[in-house]
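Peer 1: Here it is, the structure in full.
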Amino acid sequence: MNYSLNKIRETKPLVHHITNWVTIYDCANMTRALGALPVMAHAPEECTEMTGISSAFVLNIGTLTIELIDAMILSATAANEKKIPVVLDAVGVGATKFRDDMAAKILDSVQIDIIKGNYSEIAKLAGENAQTRGVESTAIDADPKQVAKEFASSRSCVIVMTGKEDIISDGKRTFVVRNGHELMGSIVGTGCMAASVIGSFAAVNADYCDAAKDALCYFGIAGELAAEKSAGPGTFKMYLYDEVFNLSDEKAQSMMDVEDY
């Protein structure tokens with residue numbers, strides 16, 4: 001049995017974020033509810049120093065600027081030198097040329113260990129014909145499992161494609177996670193929170209494919225449990241934090257809905 005959640009709560013890894021301004025508060029709260037410690041240091045004058053004392057680095061291009069991209073590359077370089085996991089949440093890739101160019105700049109500049117996005121965001125990064133509507137996924141022509149597998153192999157990283165079914169691949173192993181609830185799509189920020197959860201799990205599990213798979217299972221299970229109690233998006237968000245906080249490895253392991261391809 002994997003005891004990742006216990007390990008997160010015992011070791012309290014510091015997870016450095018350079019993330020978007022819309023969901024920064026939610027990402028910090030979700031990281032803390034899980035048992036890890038969040039820090040959101042964006043200034044280039046201190047970001048590398050903060051990365052140096054962290055156990056994982058999560059970056060999110062949701063509200064990108066040139067200055068933020070520069071800080072992300074500085075911190076990701078420091079993370080590579082320290083050999084801690086770097087998670088990129090490729091929010092909105094496929095929506096604008098600037099966003100596509102900045103995502104490419106990050107990928108060309110540093111090693112990203114886990115690249116996360118919805119189906120169209122990942123497909124676009126992988127060179128497929130895809131367009132994102134704002135930050136919402138659109139349909140893609142290619143088989144998403146094959147896209148994830150081939151892109152992971154070409155980048156020597158883990159690819160996470162989120163949607164009704166989440167796909168995780170390191171090029172050799174591919175998992176499909178079916179945990180979750182439709183209410184998770186009714187509030188802004190669950191995708192960003194998922195990246196924080198992935199970063200927290202990767203901080204304590206050097207098998208990043210396994211860490212991402214467990215993270216999405218656990219987060220999806222918390223969503224399922226929260227939905228049972230909620231009357232709509234407002235109460236769902238409240239209960240989501242509570243269910244993450246009260247979740248145990250044993251409970252999660254008994255509810256995981258994951259298939260190995």
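The way I read the labels, and the way they are meant: chains A, B, ... in the order of the structure tokens, residue 1 as the first residue of every chain, and ligand 1 as the first ligand shown, with later ones counted on from there.
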Would you give me, as CSV, each residue of stretch 57-91 of chain A having an atom within 7 Å of an atom of stretch 7-19 of chain A, along with its shortest atom pair and that distance in Å to one decimal, using only C-alpha atoms and sorting by chain and residue number?
Peer 2:
```
residue,atom,partner,partner_atom,distance
A:Phe57,CA,A:His16,CA,4.8
A:Val58,CA,A:His17,CA,4.7
A:Leu59,CA,A:Ile18,CA,4.8
A:Asn60,CA,A:Thr19,CA,4.5
A:Ile61,CA,A:Thr19,CA,6.6
A:Met72,CA,A:Ile18,CA,6.6
```
Peer 1: May I have the residues from that selection written out with C-alpha atoms, as an mmCIF file, in the first residue's frame?
Peer 2:
```
data_model
loop_
_atom_site.group_PDB
_atom_site.id
_atom_site.type_symbol
_atom_site.label_atom_id
_atom_site.label_comp_id
_atom_site.auth_asym_id
_atom_site.auth_seq_id
_atom_site.Cartn_x
_atom_site.Cartn_y
_atom_site.Cartn_z
ATOM 1 C CA PHE A 57 8.097 23.602 -7.608
ATOM 2 C CA VAL A 58 4.730 24.235 -9.283
ATOM 3 C CA LEU A 59 4.344 26.800 -12.050
ATOM 4 C CA ASN A 60 1.113 27.873 -13.711
ATOM 5 C CA ILE A 61 0.830 30.186 -16.722
ATOM 6 C CA MET A 72 9.531 30.748 -13.557
#
```
Peer 1: Can you write out as a Markdown table which residues of stretch 142-170 of chain A fall within 12 Å of stretch 216-222 of chain A, alongside each residue's closest atom pair and its distance in Å to one decimal, counting only C-alpha atoms and ordering rows by chain and ascending residue number?
Peer 2:
```
| residue | atom | partner | partner_atom | distance |
| --- | --- | --- | --- | --- |
| A:Val160 | CA | A:Leu216 | CA | 9.4 |
| A:Met161 | CA | A:Leu216 | CA | 10.5 |
| A:Thr162 | CA | A:Leu216 | CA | 8.9 |
| A:Gly163 | CA | A:Leu216 | CA | 11.0 |
| A:Lys164 | CA | A:Gly220 | CA | 10.6 |
| A:Glu165 | CA | A:Leu216 | CA | 10.2 |
| A:Asp166 | CA | A:Leu216 | CA | 7.6 |
| A:Ile167 | CA | A:Leu216 | CA | 9.6 |
| A:Ile168 | CA | A:Leu216 | CA | 9.3 |
```
Peer 1: List as a ChimeraX atom specification the protein and nucleic acid residues near stretch 24-34 of chain A, meaning an atom at most 10 Å away when only C-alpha atoms are counted, but skip any in the same chain fewer than 4 places from it.
Peer 2: /A:5-6,8-9,12-20,38-40,60,188-201,219,237,240-247
Peer 1: Taking only stretch 39-257 of chain A into account, list the residues labelled strand (DSSP E) by DSSP (computed from the backbone), as a ChimeraX atom specification.
Peer 2: /A:39-40,56-60,86-89,114-118,158-162,166-169,174-177
Peer 1: Please produce a file of the residues just selected, as a PDB file, in the first residue's frame, where the atoms kept are C-alpha atoms.
Peer 2:
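File written: selection-v2.pdb
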```pdb
ATOM      1  CA  VAL A  39       4.735  29.329  -0.516  1.00  0.00           C
ATOM      2  CA  MET A  40       3.997  31.762  -3.344  1.00  0.00           C
ATOM      3  CA  ALA A  56       8.757  20.757  -5.200  1.00  0.00           C
ATOM      4  CA  PHE A  57       8.097  23.602  -7.608  1.00  0.00           C
ATOM      5  CA  VAL A  58       4.730  24.235  -9.283  1.00  0.00           C
ATOM      6  CA  LEU A  59       4.344  26.800 -12.050  1.00  0.00           C
ATOM      7  CA  ASN A  60       1.113  27.873 -13.711  1.00  0.00           C
ATOM      8  CA  VAL A  86       8.992  20.737 -11.438  1.00  0.00           C
ATOM      9  CA  VAL A  87       5.297  20.734 -12.384  1.00  0.00           C
ATOM     10  CA  LEU A  88       4.030  22.920 -15.256  1.00  0.00           C
ATOM     11  CA  ASP A  89       0.310  23.613 -15.469  1.00  0.00           C
ATOM     12  CA  ILE A 114       5.392  16.795 -14.954  1.00  0.00           C
ATOM     13  CA  ILE A 115       3.432  18.666 -17.625  1.00  0.00           C
ATOM     14  CA  LYS A 116      -0.260  19.019 -16.789  1.00  0.00           C
ATOM     15  CA  GLY A 117      -3.101  20.340 -18.899  1.00  0.00           C
ATOM     16  CA  ASN A 118      -6.506  19.506 -20.282  1.00  0.00           C
ATOM     17  CA  VAL A 158       5.293  12.661 -17.080  1.00  0.00           C
ATOM     18  CA  ILE A 159       2.269  13.940 -18.988  1.00  0.00           C
ATOM     19  CA  VAL A 160      -1.015  14.541 -17.179  1.00  0.00           C
ATOM     20  CA  MET A 161      -4.133  15.136 -19.281  1.00  0.00           C
ATOM     21  CA  THR A 162      -7.162  16.129 -17.224  1.00  0.00           C
ATOM     22  CA  ASP A 166      -7.536  11.785 -16.412  1.00  0.00           C
ATOM     23  CA  ILE A 167      -4.622  10.282 -18.351  1.00  0.00           C
ATOM     24  CA  ILE A 168      -1.144   9.982 -16.865  1.00  0.00           C
ATOM     25  CA  SER A 169       1.842   8.624 -18.785  1.00  0.00           C
ATOM     26  CA  THR A 174      -0.103   4.883 -18.874  1.00  0.00           C
ATOM     27  CA  PHE A 175      -2.889   5.218 -16.312  1.00  0.00           C
ATOM     28  CA  VAL A 176      -6.494   6.327 -16.686  1.00  0.00           C
ATOM     29  CA  VAL A 177      -8.047   7.795 -13.536  1.00  0.00           C
TER      30      VAL A 177
END
```
Peer 1: In terms of the shortest atom-to-atom distance over only C-alpha atoms, which of A:Ala148, A:Leu37, A:Ala95, A:Ala103 is closest to A:Thr65?
Peer 2: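 Ranking A:Ala148, A:Leu37, A:Ala95, A:Ala103 by distance to A:Thr65, first place goes to A:Ala103.
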Peer 1: Rounded to one decimal in Å, what is the spacing between atom CA of A:Asp214 and atom CA of A:Tyr261?
Peer 2: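 Between atom CA of A:Asp214 and atom CA of A:Tyr261 the gap is 15.4 Å.
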Peer 1: Find the residues near A:Lys149: any atom within 8 Å, counting only C-alpha atoms, skip ones fewer than 2 places away on the same chain, and give them as number ranges by chain.
Peer 2: A: 145-147, 151-153, 159, 169-174
Peer 1: Would you mind exporting the chosen residues as a CSV table (one decimal), in the first residue's frame, restricted to N, CA and C atoms?
Peer 2:
```
chain,number,residue,atom,x,y,z
A,145,LYS,N,-4.7,9.1,-25.1
A,145,LYS,CA,-3.7,8.2,-24.5
A,145,LYS,C,-2.4,8.0,-25.3
A,146,GLN,N,-2.6,8.0,-26.6
A,146,GLN,CA,-1.4,7.9,-27.5
A,146,GLN,C,-0.7,9.2,-27.5
A,147,VAL,N,-1.4,10.3,-27.5
A,147,VAL,CA,-0.7,11.6,-27.4
A,147,VAL,C,0.1,11.8,-26.1
A,151,PHE,N,4.2,12.0,-26.2
A,151,PHE,CA,4.7,13.3,-25.7
A,151,PHE,C,5.6,13.1,-24.5
A,152,ALA,N,5.1,12.2,-23.6
A,152,ALA,CA,5.9,11.9,-22.4
A,152,ALA,C,7.3,11.3,-22.8
A,153,SER,N,7.3,10.4,-23.8
A,153,SER,CA,8.5,9.8,-24.2
A,153,SER,C,9.4,10.8,-24.9
A,159,ILE,N,3.3,13.1,-18.4
A,159,ILE,CA,2.3,13.9,-19.0
A,159,ILE,C,1.0,13.6,-18.2
A,169,SER,N,0.9,9.5,-18.1
A,169,SER,CA,1.8,8.6,-18.8
A,169,SER,C,3.3,9.1,-18.6
A,170,ASP,N,4.2,8.2,-18.5
A,170,ASP,CA,5.6,8.5,-18.5
A,170,ASP,C,6.3,8.0,-19.8
A,171,GLY,N,5.4,7.6,-20.8
A,171,GLY,CA,5.9,7.0,-22.0
A,171,GLY,C,6.0,5.5,-22.0
A,172,LYS,N,6.1,4.9,-20.8
A,172,LYS,CA,6.1,3.5,-20.7
A,172,LYS,C,4.9,3.0,-20.0
A,173,ARG,N,4.5,3.6,-18.9
A,173,ARG,CA,3.3,3.3,-18.2
A,173,ARG,C,2.2,4.4,-18.5
A,174,THR,N,1.0,3.9,-18.7
A,174,THR,CA,-0.1,4.9,-18.9
A,174,THR,C,-1.3,4.5,-18.0
```
Peer 1: Hey, what's within 9 Å of A:Asn80 if we count only C-alpha atoms and toss same-chain stuff fewer than 4 positions away? As a list of chain:residue names, please?
Peer 2: A:Ser75, A:Ala76, A:Ile84, A:Pro85, A:Val86, A:Val110, A:Gln111, A:Ile112
Peer 1: Excluding A:Asp101 and residues on its chain fewer than 6 positions from it, collect all residues at most 12 Å away from it, counting only C-alpha atoms, and give them as a ChimeraX atom specification.
Peer 2: /A:61,64-66,69,90,92-95,107-108,124-125
Peer 1: Identify, with DSSP run on backbone atoms, the residues in stretch 118-246 of chain A assigned to helix (DSSP H, G or I), and express the list as number ranges by chain.
Peer 2: A: 119-125, 144-155, 182-185, 190-202, 208-229, 233-246
Peer 1: Determine the nearest neighbour of A:Thr51 from the options A:Lys83, A:Thr63, A:Asp260, A:Val22, counting only C-alpha atoms.
Peer 2: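 Distance minimum relative to A:Thr51 lands on A:Lys83.
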Peer 1: Report, in Å to a single decimal, how far apart atom CA of A:Leu183 and atom CA of A:Pro233 are.
Peer 2: 6.7 Å
